[in-house]
$ cat my_file-v2.pdb   # PDB, C-alpha atoms
ATOM      1  CA  MET N  19     -44.454-185.797  79.738  1.00  0.00           C
ATOM      2  CA  VAL N  20     -42.659-188.689  78.058  1.00  0.00           C
ATOM      3  CA  SER N  21     -43.486-192.171  79.309  1.00  0.00           C
ATOM      4  CA  VAL N  22     -42.498-195.739  78.518  1.00  0.00           C
ATOM      5  CA  LYS N  23     -45.300-195.982  75.961  1.00  0.00           C
ATOM      6  CA  ASP N  24     -43.730-193.239  73.813  1.00  0.00           C
ATOM      7  CA  VAL N  25     -40.443-195.002  72.977  1.00  0.00           C
ATOM      8  CA  PRO N  26     -39.663-198.317  71.236  1.00  0.00           C
ATOM      9  CA  ALA N  27     -39.525-201.246  73.641  1.00  0.00           C
ATOM     10  CA  ASP N  28     -36.232-202.644  72.373  1.00  0.00           C
ATOM     11  CA  LEU N  29     -34.385-199.353  72.920  1.00  0.00           C
ATOM     12  CA  LEU N  30     -35.893-198.913  76.381  1.00  0.00           C
ATOM     13  CA  ILE N  31     -35.075-202.458  77.470  1.00  0.00           C
ATOM     14  CA  ARG N  32     -31.499-202.177  76.208  1.00  0.00           C
ATOM     15  CA  GLU N  33     -30.878-198.878  78.051  1.00  0.00           C
ATOM     16  CA  LEU N  34     -32.636-200.057  81.217  1.00  0.00           C
ATOM     17  CA  ALA N  35     -30.608-203.290  81.240  1.00  0.00           C
ATOM     18  CA  LYS N  36     -27.420-201.248  80.935  1.00  0.00           C
ATOM     19  CA  TYR N  37     -28.535-199.029  83.834  1.00  0.00           C
ATOM     20  CA  LEU N  38     -29.435-202.033  86.016  1.00  0.00           C
ATOM     21  CA  ARG N  39     -26.073-203.689  85.324  1.00  0.00           C
ATOM     22  CA  GLU N  40     -24.057-200.571  86.185  1.00  0.00           C
ATOM     23  CA  ASN N  41     -26.061-198.868  88.954  1.00  0.00           C
ATOM     24  CA  VAL N  42     -28.238-201.384  90.811  1.00  0.00           C
ATOM     25  CA  PRO N  43     -26.109-203.855  92.815  1.00  0.00           C
ATOM     26  CA  GLN N  44     -29.170-205.783  94.060  1.00  0.00           C
ATOM     27  CA  VAL N  45     -29.922-207.034  90.539  1.00  0.00           C
ATOM     28  CA  LYS N  46     -27.376-209.671  89.608  1.00  0.00           C
ATOM     29  CA  PRO N  47     -27.550-213.150  88.077  1.00  0.00           C
ATOM     30  CA  SER N  48     -27.835-216.110  90.399  1.00  0.00           C
ATOM     31  CA  ASP N  49     -25.159-218.805  90.485  1.00  0.00           C
ATOM     32  CA  TRP N  50     -27.315-221.162  88.449  1.00  0.00           C
ATOM     33  CA  ALA N  51     -28.007-218.542  85.745  1.00  0.00           C
ATOM     34  CA  LEU N  52     -25.046-219.747  83.682  1.00  0.00           C
ATOM     35  CA  PHE N  53     -26.634-223.157  83.154  1.00  0.00           C
ATOM     36  CA  VAL N  54     -30.373-222.474  83.057  1.00  0.00           C
ATOM     37  CA  LYS N  55     -32.552-222.442  79.974  1.00  0.00           C
ATOM     38  CA  THR N  56     -34.821-219.408  79.645  1.00  0.00           C
ATOM     39  CA  GLY N  57     -37.819-221.490  78.569  1.00  0.00           C
ATOM     40  CA  PRO N  58     -39.001-225.021  77.818  1.00  0.00           C
ATOM     41  CA  ASN N  59     -38.662-224.327  74.087  1.00  0.00           C
ATOM     42  CA  LYS N  60     -34.929-223.681  74.396  1.00  0.00           C
ATOM     43  CA  ASP N  61     -32.281-226.374  74.104  1.00  0.00           C
ATOM     44  CA  ARG N  62     -29.335-224.383  75.441  1.00  0.00           C
ATOM     45  CA  PRO N  63     -28.568-221.624  77.926  1.00  0.00           C
ATOM     46  CA  PRO N  64     -28.655-218.056  76.577  1.00  0.00           C
ATOM     47  CA  MET N  65     -25.764-216.926  74.396  1.00  0.00           C
ATOM     48  CA  GLN N  66     -25.762-213.335  75.721  1.00  0.00           C
ATOM     49  CA  ASP N  67     -23.785-212.663  78.869  1.00  0.00           C
ATOM     50  CA  ASP N  68     -26.189-209.965  80.089  1.00  0.00           C
ATOM     51  CA  TRP N  69     -29.445-211.862  79.489  1.00  0.00           C
ATOM     52  CA  TRP N  70     -30.382-211.627  83.175  1.00  0.00           C
ATOM     53  CA  TYR N  71     -30.366-207.817  83.053  1.00  0.00           C
ATOM     54  CA  ILE N  72     -32.319-207.804  79.795  1.00  0.00           C
ATOM     55  CA  ARG N  73     -34.995-210.047  81.351  1.00  0.00           C
ATOM     56  CA  ALA N  74     -35.063-207.873  84.488  1.00  0.00           C
ATOM     57  CA  ALA N  75     -35.559-204.768  82.350  1.00  0.00           C
ATOM     58  CA  ALA N  76     -38.345-206.475  80.401  1.00  0.00           C
ATOM     59  CA  VAL N  77     -40.059-207.553  83.643  1.00  0.00           C
ATOM     60  CA  LEU N  78     -39.811-204.011  85.022  1.00  0.00           C
ATOM     61  CA  ARG N  79     -41.327-202.617  81.817  1.00  0.00           C
ATOM     62  CA  LYS N  80     -44.200-205.140  81.977  1.00  0.00           C
ATOM     63  CA  ILE N  81     -44.941-204.160  85.576  1.00  0.00           C
ATOM     64  CA  TYR N  82     -44.916-200.475  84.571  1.00  0.00           C
ATOM     65  CA  LEU N  83     -47.370-201.080  81.729  1.00  0.00           C
ATOM     66  CA  ASN N  84     -49.671-203.711  83.242  1.00  0.00           C
ATOM     67  CA  GLY N  85     -49.233-203.450  87.031  1.00  0.00           C
ATOM     68  CA  PRO N  86     -50.407-204.741  89.448  1.00  0.00           C
ATOM     69  CA  VAL N  87     -49.283-208.094  88.090  1.00  0.00           C
ATOM     70  CA  GLY N  88     -48.565-211.460  89.611  1.00  0.00           C
ATOM     71  CA  LEU N  89     -46.116-214.175  88.754  1.00  0.00           C
ATOM     72  CA  GLY N  90     -48.689-216.048  86.664  1.00  0.00           C
ATOM     73  CA  SER N  91     -49.391-213.121  84.376  1.00  0.00           C
ATOM     74  CA  LEU N  92     -45.651-212.472  83.946  1.00  0.00           C
ATOM     75  CA  ARG N  93     -45.124-216.150  83.108  1.00  0.00           C
ATOM     76  CA  MET N  94     -47.843-215.781  80.492  1.00  0.00           C
ATOM     77  CA  ALA N  95     -46.286-212.577  79.140  1.00  0.00           C
ATOM     78  CA  PHE N  96     -43.006-214.432  78.488  1.00  0.00           C
ATOM     79  CA  SER N  97     -44.708-217.560  77.141  1.00  0.00           C
ATOM     80  CA  TYR N  98     -44.367-219.047  73.671  1.00  0.00           C
ATOM     81  CA  ARG N  99     -46.342-221.129  71.187  1.00  0.00           C
ATOM     82  CA  ALA N 100     -45.464-224.826  71.450  1.00  0.00           C
ATOM     83  CA  LYS N 101     -45.938-227.317  68.667  1.00  0.00           C
ATOM     84  CA  VAL N 102     -47.921-230.348  69.787  1.00  0.00           C
ATOM     85  CA  GLY N 103     -47.749-233.579  67.846  1.00  0.00           C
ATOM     86  CA  SER N 104     -47.974-233.540  64.092  1.00  0.00           C
ATOM     87  CA  ALA N 105     -48.737-230.535  61.902  1.00  0.00           C
ATOM     88  CA  VAL N 106     -52.455-231.336  62.053  1.00  0.00           C
ATOM     89  CA  ARG N 107     -52.858-230.358  65.698  1.00  0.00           C
ATOM     90  CA  SER N 108     -52.958-226.713  66.683  1.00  0.00           C
ATOM     91  CA  GLU N 109     -50.245-225.052  68.724  1.00  0.00           C
ATOM     92  CA  ARG N 110     -50.596-224.631  72.463  1.00  0.00           C
ATOM     93  CA  THR N 111     -49.282-221.888  74.678  1.00  0.00           C
ATOM     94  CA  ARG N 112     -46.592-222.875  77.182  1.00  0.00           C
ATOM     95  CA  LYS N 113     -45.903-220.571  80.087  1.00  0.00           C
ATOM     96  CA  ALA N 114     -42.368-219.450  80.815  1.00  0.00           C
ATOM     97  CA  GLY N 115     -40.577-220.838  83.845  1.00  0.00           C
ATOM     98  CA  GLY N 116     -41.254-219.063  87.102  1.00  0.00           C
ATOM     99  CA  ALA N 117     -37.896-219.303  88.885  1.00  0.00           C
ATOM    100  CA  ILE N 118     -36.131-216.690  86.775  1.00  0.00           C
ATOM    101  CA  ILE N 119     -39.024-214.239  86.968  1.00  0.00           C
ATOM    102  CA  ARG N 120     -39.505-214.839  90.703  1.00  0.00           C
ATOM    103  CA  ASN N 121     -35.823-214.201  91.486  1.00  0.00           C
ATOM    104  CA  ILE N 122     -35.835-211.058  89.363  1.00  0.00           C
ATOM    105  CA  LEU N 123     -38.949-209.815  91.180  1.00  0.00           C
ATOM    106  CA  HIS N 124     -37.259-210.362  94.544  1.00  0.00           C
ATOM    107  CA  GLN N 125     -34.187-208.464  93.366  1.00  0.00           C
ATOM    108  CA  LEU N 126     -36.255-205.575  92.012  1.00  0.00           C
ATOM    109  CA  GLU N 127     -38.105-205.419  95.348  1.00  0.00           C
ATOM    110  CA  ALA N 128     -34.784-205.316  97.213  1.00  0.00           C
ATOM    111  CA  ALA N 129     -33.658-202.470  94.932  1.00  0.00           C
ATOM    112  CA  GLY N 130     -36.832-200.499  95.748  1.00  0.00           C
ATOM    113  CA  LEU N 131     -38.127-200.412  92.163  1.00  0.00           C
ATOM    114  CA  VAL N 132     -41.086-202.762  92.720  1.00  0.00           C
ATOM    115  CA  THR N 133     -43.305-203.377  95.720  1.00  0.00           C
ATOM    116  CA  LYS N 134     -45.759-206.104  96.580  1.00  0.00           C
ATOM    117  CA  THR N 135     -49.407-205.264  97.244  1.00  0.00           C
ATOM    118  CA  LYS N 136     -52.503-207.334  97.832  1.00  0.00           C
ATOM    119  CA  GLU N 137     -53.386-207.271  94.109  1.00  0.00           C
ATOM    120  CA  GLY N 138     -49.853-208.077  92.897  1.00  0.00           C
ATOM    121  CA  ARG N 139     -46.596-206.315  92.251  1.00  0.00           C
ATOM    122  CA  VAL N 140     -46.604-202.642  91.298  1.00  0.00           C
ATOM    123  CA  ILE N 141     -43.862-200.231  90.382  1.00  0.00           C
ATOM    124  CA  THR N 142     -42.761-197.771  93.053  1.00  0.00           C
ATOM    125  CA  PRO N 143     -42.480-194.021  92.438  1.00  0.00           C
ATOM    126  CA  GLN N 144     -38.698-194.469  92.339  1.00  0.00           C
ATOM    127  CA  GLY N 145     -39.039-197.134  89.617  1.00  0.00           C
ATOM    128  CA  ARG N 146     -41.537-195.067  87.643  1.00  0.00           C
ATOM    129  CA  SER N 147     -39.206-192.061  87.790  1.00  0.00           C
ATOM    130  CA  LEU N 148     -36.280-194.176  86.590  1.00  0.00           C
ATOM    131  CA  LEU N 149     -38.205-195.556  83.618  1.00  0.00           C
ATOM    132  CA  ASP N 150     -39.559-192.136  82.674  1.00  0.00           C
ATOM    133  CA  LYS N 151     -36.060-190.592  82.789  1.00  0.00           C
ATOM    134  CA  ILE N 152     -34.645-193.321  80.573  1.00  0.00           C
ATOM    135  CA  ALA N 153     -37.581-192.937  78.166  1.00  0.00           C
ATOM    136  CA  LEU N 154     -36.999-189.177  78.030  1.00  0.00           C
ATOM    137  CA  ASN N 155     -33.295-189.676  77.254  1.00  0.00           C
ATOM    138  CA  ILE N 156     -34.161-192.136  74.490  1.00  0.00           C
ATOM    139  CA  LEU N 157     -36.678-189.747  72.954  1.00  0.00           C
ATOM    140  CA  LYS N 158     -34.108-186.915  73.078  1.00  0.00           C
ATOM    141  CA  GLU N 159     -31.608-189.100  71.213  1.00  0.00           C
ATOM    142  CA  MET N 160     -34.263-190.059  68.681  1.00  0.00           C
ATOM    143  CA  ALA N 161     -35.166-186.395  68.203  1.00  0.00           C
ATOM    144  CA  LYS N 162     -31.530-185.596  67.398  1.00  0.00           C
ATOM    145  CA  GLN N 163     -31.597-188.175  64.613  1.00  0.00           C
ATOM    146  CA  ARG N 164     -35.090-187.348  63.425  1.00  0.00           C
ATOM    147  CA  PRO N 165     -35.971-183.672  64.133  1.00  0.00           C
ATOM    148  CA  GLU N 166     -39.696-184.200  63.501  1.00  0.00           C
ATOM    149  CA  LEU N 167     -39.888-186.073  66.821  1.00  0.00           C
ATOM    150  CA  ALA N 168     -38.906-182.934  68.758  1.00  0.00           C
ATOM    151  CA  LYS N 169     -42.534-181.815  68.813  1.00  0.00           C
ATOM    152  CA  TYR N 170     -43.273-184.605  71.327  1.00  0.00           C
ATOM    153  CA  LEU N 171     -40.818-183.149  73.831  1.00  0.00           C
ATOM    154  CA  THR N 172     -42.111-180.464  76.141  1.00  0.00           C
ATOM    155  CA  PRO N 173     -40.311-177.101  75.828  1.00  0.00           C
ATOM    156  CA  ASN N 174     -38.594-177.332  79.205  1.00  0.00           C
ATOM    157  CA  THR N 175     -37.090-180.784  78.453  1.00  0.00           C
ATOM    158  CA  THR N 176     -35.413-179.717  75.218  1.00  0.00           C
ATOM    159  CA  THR N 177     -33.289-177.060  76.925  1.00  0.00           C
ATOM    160  CA  GLU N 178     -31.789-179.384  79.547  1.00  0.00           C
TER     161      GLU N 178
END

$ encode --input "my_file-v2.pdb" --output "structure tokens"
Amino acid sequence: MVSVKDVPADLLIRELAKYLRENVPQVKPSDWALFVKTGPNKDRPPMQDDWWYIRAAAVLRKIYLNGPVGLGSLRMAFSYRAKVGSAVRSERTRKAGGAIIRNILHQLEAAGLVTKTKEGRVITPQGRSLLDKIALNILKEMAKQRPELAKYLTPNTTTE
């Protein structure tokens, strides 16, 4: 069975963001999303119009791979290396802002793709099924371009 780990992350996130934008009405940018910076290292708002859906897809993928996760571990997953002082001092890690991730988590919970447990947020069976279907479609497309990848598809998935 094909899972999220079997396909490149950038292809999966792009396809999942497209799916969330078109089919999940609960996931939509907030009013303030036009003006917000995505991290303390950024000087301007994002240039892409669909950055909210891309971040939501990336958060959903992180929950699939690492779940149960909390807000702190997701902030650390989207962190960056900050320069401190002159070139002599070592870099320090700065966590990503929590408001964007928190709002996305609430929207994914409302859509039924993520649920909250005592240990943290985990992906629901509906969310896992969605991610696995998208990963399977991506692997099928990759197998069309590169036939040597067809051996990773099970026989019953190639005939669909």

$ resolve_selection --input "my_file-v2.pdb" --expression "the PyMOL selection byres ((chain N and resi 33) around 12)" --output "PDB file with C-alpha atoms, in the coordinates of the input"
ATOM      1  CA  VAL N  25     -40.443-195.002  72.977  1.00  0.00           C
ATOM      2  CA  PRO N  26     -39.663-198.317  71.236  1.00  0.00           C
ATOM      3  CA  ALA N  27     -39.525-201.246  73.641  1.00  0.00           C
ATOM      4  CA  ASP N  28     -36.232-202.644  72.373  1.00  0.00           C
ATOM      5  CA  LEU N  29     -34.385-199.353  72.920  1.00  0.00           C
ATOM      6  CA  LEU N  30     -35.893-198.913  76.381  1.00  0.00           C
ATOM      7  CA  ILE N  31     -35.075-202.458  77.470  1.00  0.00           C
ATOM      8  CA  ARG N  32     -31.499-202.177  76.208  1.00  0.00           C
ATOM      9  CA  LEU N  34     -32.636-200.057  81.217  1.00  0.00           C
ATOM     10  CA  ALA N  35     -30.608-203.290  81.240  1.00  0.00           C
ATOM     11  CA  LYS N  36     -27.420-201.248  80.935  1.00  0.00           C
ATOM     12  CA  TYR N  37     -28.535-199.029  83.834  1.00  0.00           C
ATOM     13  CA  LEU N  38     -29.435-202.033  86.016  1.00  0.00           C
ATOM     14  CA  ARG N  39     -26.073-203.689  85.324  1.00  0.00           C
ATOM     15  CA  GLU N  40     -24.057-200.571  86.185  1.00  0.00           C
ATOM     16  CA  ASN N  41     -26.061-198.868  88.954  1.00  0.00           C
ATOM     17  CA  TYR N  71     -30.366-207.817  83.053  1.00  0.00           C
ATOM     18  CA  ILE N  72     -32.319-207.804  79.795  1.00  0.00           C
ATOM     19  CA  ALA N  74     -35.063-207.873  84.488  1.00  0.00           C
ATOM     20  CA  ALA N  75     -35.559-204.768  82.350  1.00  0.00           C
ATOM     21  CA  ALA N  76     -38.345-206.475  80.401  1.00  0.00           C
ATOM     22  CA  ARG N  79     -41.327-202.617  81.817  1.00  0.00           C
ATOM     23  CA  LEU N 148     -36.280-194.176  86.590  1.00  0.00           C
ATOM     24  CA  LEU N 149     -38.205-195.556  83.618  1.00  0.00           C
ATOM     25  CA  ASP N 150     -39.559-192.136  82.674  1.00  0.00           C
ATOM     26  CA  LYS N 151     -36.060-190.592  82.789  1.00  0.00           C
ATOM     27  CA  ILE N 152     -34.645-193.321  80.573  1.00  0.00           C
ATOM     28  CA  ALA N 153     -37.581-192.937  78.166  1.00  0.00           C
ATOM     29  CA  LEU N 154     -36.999-189.177  78.030  1.00  0.00           C
ATOM     30  CA  ASN N 155     -33.295-189.676  77.254  1.00  0.00           C
ATOM     31  CA  ILE N 156     -34.161-192.136  74.490  1.00  0.00           C
ATOM     32  CA  LEU N 157     -36.678-189.747  72.954  1.00  0.00           C
ATOM     33  CA  GLU N 159     -31.608-189.100  71.213  1.00  0.00           C
TER      34      GLU N 159
END

$ closest_residue --input "my_file-v2.pdb" --among "N:Leu92, N:Ala100, N:Met65, N:Val45" --to "Val77 in chain N" --atoms "only C-alpha atoms"
N:Leu92

$ closest_residue --input "my_file-v2.pdb" --among "N:Ala168, N:Met160, N:Val42, N:Ala95" --to "Ala129 in chain N" --atoms "only C-alpha atoms"
N:Val42

$ residues_around --input "my_file-v2.pdb" --residues "Gly88 in chain N" --least-positions-apart "2" --cutoff "7 Å" --atoms "all atoms listed in the file" --output "tab-separated table (two decimals) with C-alpha atoms, in the coordinates of the input"
chain	number	residue	atom	x	y	z
N	86	PRO	CA	-50.41	-204.74	89.45
N	90	GLY	CA	-48.69	-216.05	86.66
N	91	SER	CA	-49.39	-213.12	84.38
N	92	LEU	CA	-45.65	-212.47	83.95
N	138	GLY	CA	-49.85	-208.08	92.90
N	139	ARG	CA	-46.60	-206.32	92.25

$ resolve_selection --input "my_file-v2.pdb" --expression "the PyMOL selection byres ((chain N and resi 120-126) around 9)" --output "MDAnalysis selection string"
chainID N and resid 44:48 70:71 73:74 77:78 89 116:119 127:133 139

$ atom_distance --input "my_file-v2.pdb" --atom1 "CA of Pro64 in chain N" --atom2 "CA of Tyr82 in chain N"
25.2 Å

$ residues_around --input "my_file-v2.pdb" --residues "Leu171 in chain N" --least-positions-apart "5" --cutoff "10 Å" --atoms "only C-alpha atoms" --output "MDAnalysis selection string"
chainID N and resid 19:20 154 157:158 161 176

$ write_last_selection --input "my_file-v2.pdb" --atoms "C-alpha atoms" --output "mmCIF file, in the coordinates of the input"
data_model
loop_
_atom_site.group_PDB
_atom_site.id
_atom_site.type_symbol
_atom_site.label_atom_id
_atom_site.label_comp_id
_atom_site.auth_asym_id
_atom_site.auth_seq_id
_atom_site.Cartn_x
_atom_site.Cartn_y
_atom_site.Cartn_z
ATOM 1 C CA MET N 19 -44.454 -185.797 79.738
ATOM 2 C CA VAL N 20 -42.659 -188.689 78.058
ATOM 3 C CA LEU N 154 -36.999 -189.177 78.030
ATOM 4 C CA LEU N 157 -36.678 -189.747 72.954
ATOM 5 C CA LYS N 158 -34.108 -186.915 73.078
ATOM 6 C CA ALA N 161 -35.166 -186.395 68.203
ATOM 7 C CA THR N 176 -35.413 -179.717 75.218
#

$ closest_residue --input "my_file-v2.pdb" --among "N:Ala51, N:Val87, N:Ile81, N:Val22" --to "Asp68 in chain N" --atoms "all atoms listed in the file"
N:Ala51

$ closest_residue --input "my_file-v2.pdb" --among "N:Ile141, N:Ala114, N:Leu167, N:Val54" --to "Ser97 in chain N" --atoms "only C-alpha atoms"
N:Ala114

$ resolve_selection --input "my_file-v2.pdb" --expression "the PyMOL selection byres ((chain N and resi 113) around 7)" --output "list in words"
Arg93, Met94, Phe96, Ser97, Tyr98, Thr111, Arg112, Ala114 and Gly115 of chain N

$ closest_residue --input "my_file-v2.pdb" --among "N:Trp50, N:Arg164, N:Glu109, N:Lys80" --to "Arg146 in chain N" --atoms "all atoms listed in the file"
N:Lys80

$ atom_distance --input "my_file-v2.pdb" --atom1 "CA of Asn84 in chain N" --atom2 "CA of Pro43 in chain N"
25.4 Å

$ atom_distance --input "my_file-v2.pdb" --atom1 "CA of Ser104 in chain N" --atom2 "CA of Arg62 in chain N"
23.7 Å

$ residues_near_point --input "my_file-v2.pdb" --point "(-37.8, -224.4, 71.6)" --cutoff "10 Å" --atoms "all atoms listed in the file" --output "PyMOL selection string"
chain N and resi 56-62+98-101

$ write_last_selection --input "my_file-v2.pdb" --atoms "C-alpha atoms" --output "mmCIF file, keeping the file's coordinate frame"
data_model
loop_
_atom_site.group_PDB
_atom_site.id
_atom_site.type_symbol
_atom_site.label_atom_id
_atom_site.label_comp_id
_atom_site.auth_asym_id
_atom_site.auth_seq_id
_atom_site.Cartn_x
_atom_site.Cartn_y
_atom_site.Cartn_z
ATOM 1 C CA THR N 56 -34.821 -219.408 79.645
ATOM 2 C CA GLY N 57 -37.819 -221.490 78.569
ATOM 3 C CA PRO N 58 -39.001 -225.021 77.818
ATOM 4 C CA ASN N 59 -38.662 -224.327 74.087
ATOM 5 C CA LYS N 60 -34.929 -223.681 74.396
ATOM 6 C CA ASP N 61 -32.281 -226.374 74.104
ATOM 7 C CA ARG N 62 -29.335 -224.383 75.441
ATOM 8 C CA TYR N 98 -44.367 -219.047 73.671
ATOM 9 C CA ARG N 99 -46.342 -221.129 71.187
ATOM 10 C CA ALA N 100 -45.464 -224.826 71.450
ATOM 11 C CA LYS N 101 -45.938 -227.317 68.667
#

$ axis_aligned_box --input "my_file-v2.pdb" --around "range 120-138 of chain N" --padding-each-side "5 Å" --output "lines of an AutoDock Vina configuration file"
center_x = -43.5
center_y = -207.6
center_z = 93.6
size_x = 29.7
size_y = 24.4
size_z = 18.5

$ closest_residue --input "my_file-v2.pdb" --among "N:Gly85, N:Arg110, N:Gln66, N:Pro165" --to "Glu137 in chain N" --atoms "only C-alpha atoms"
N:Gly85
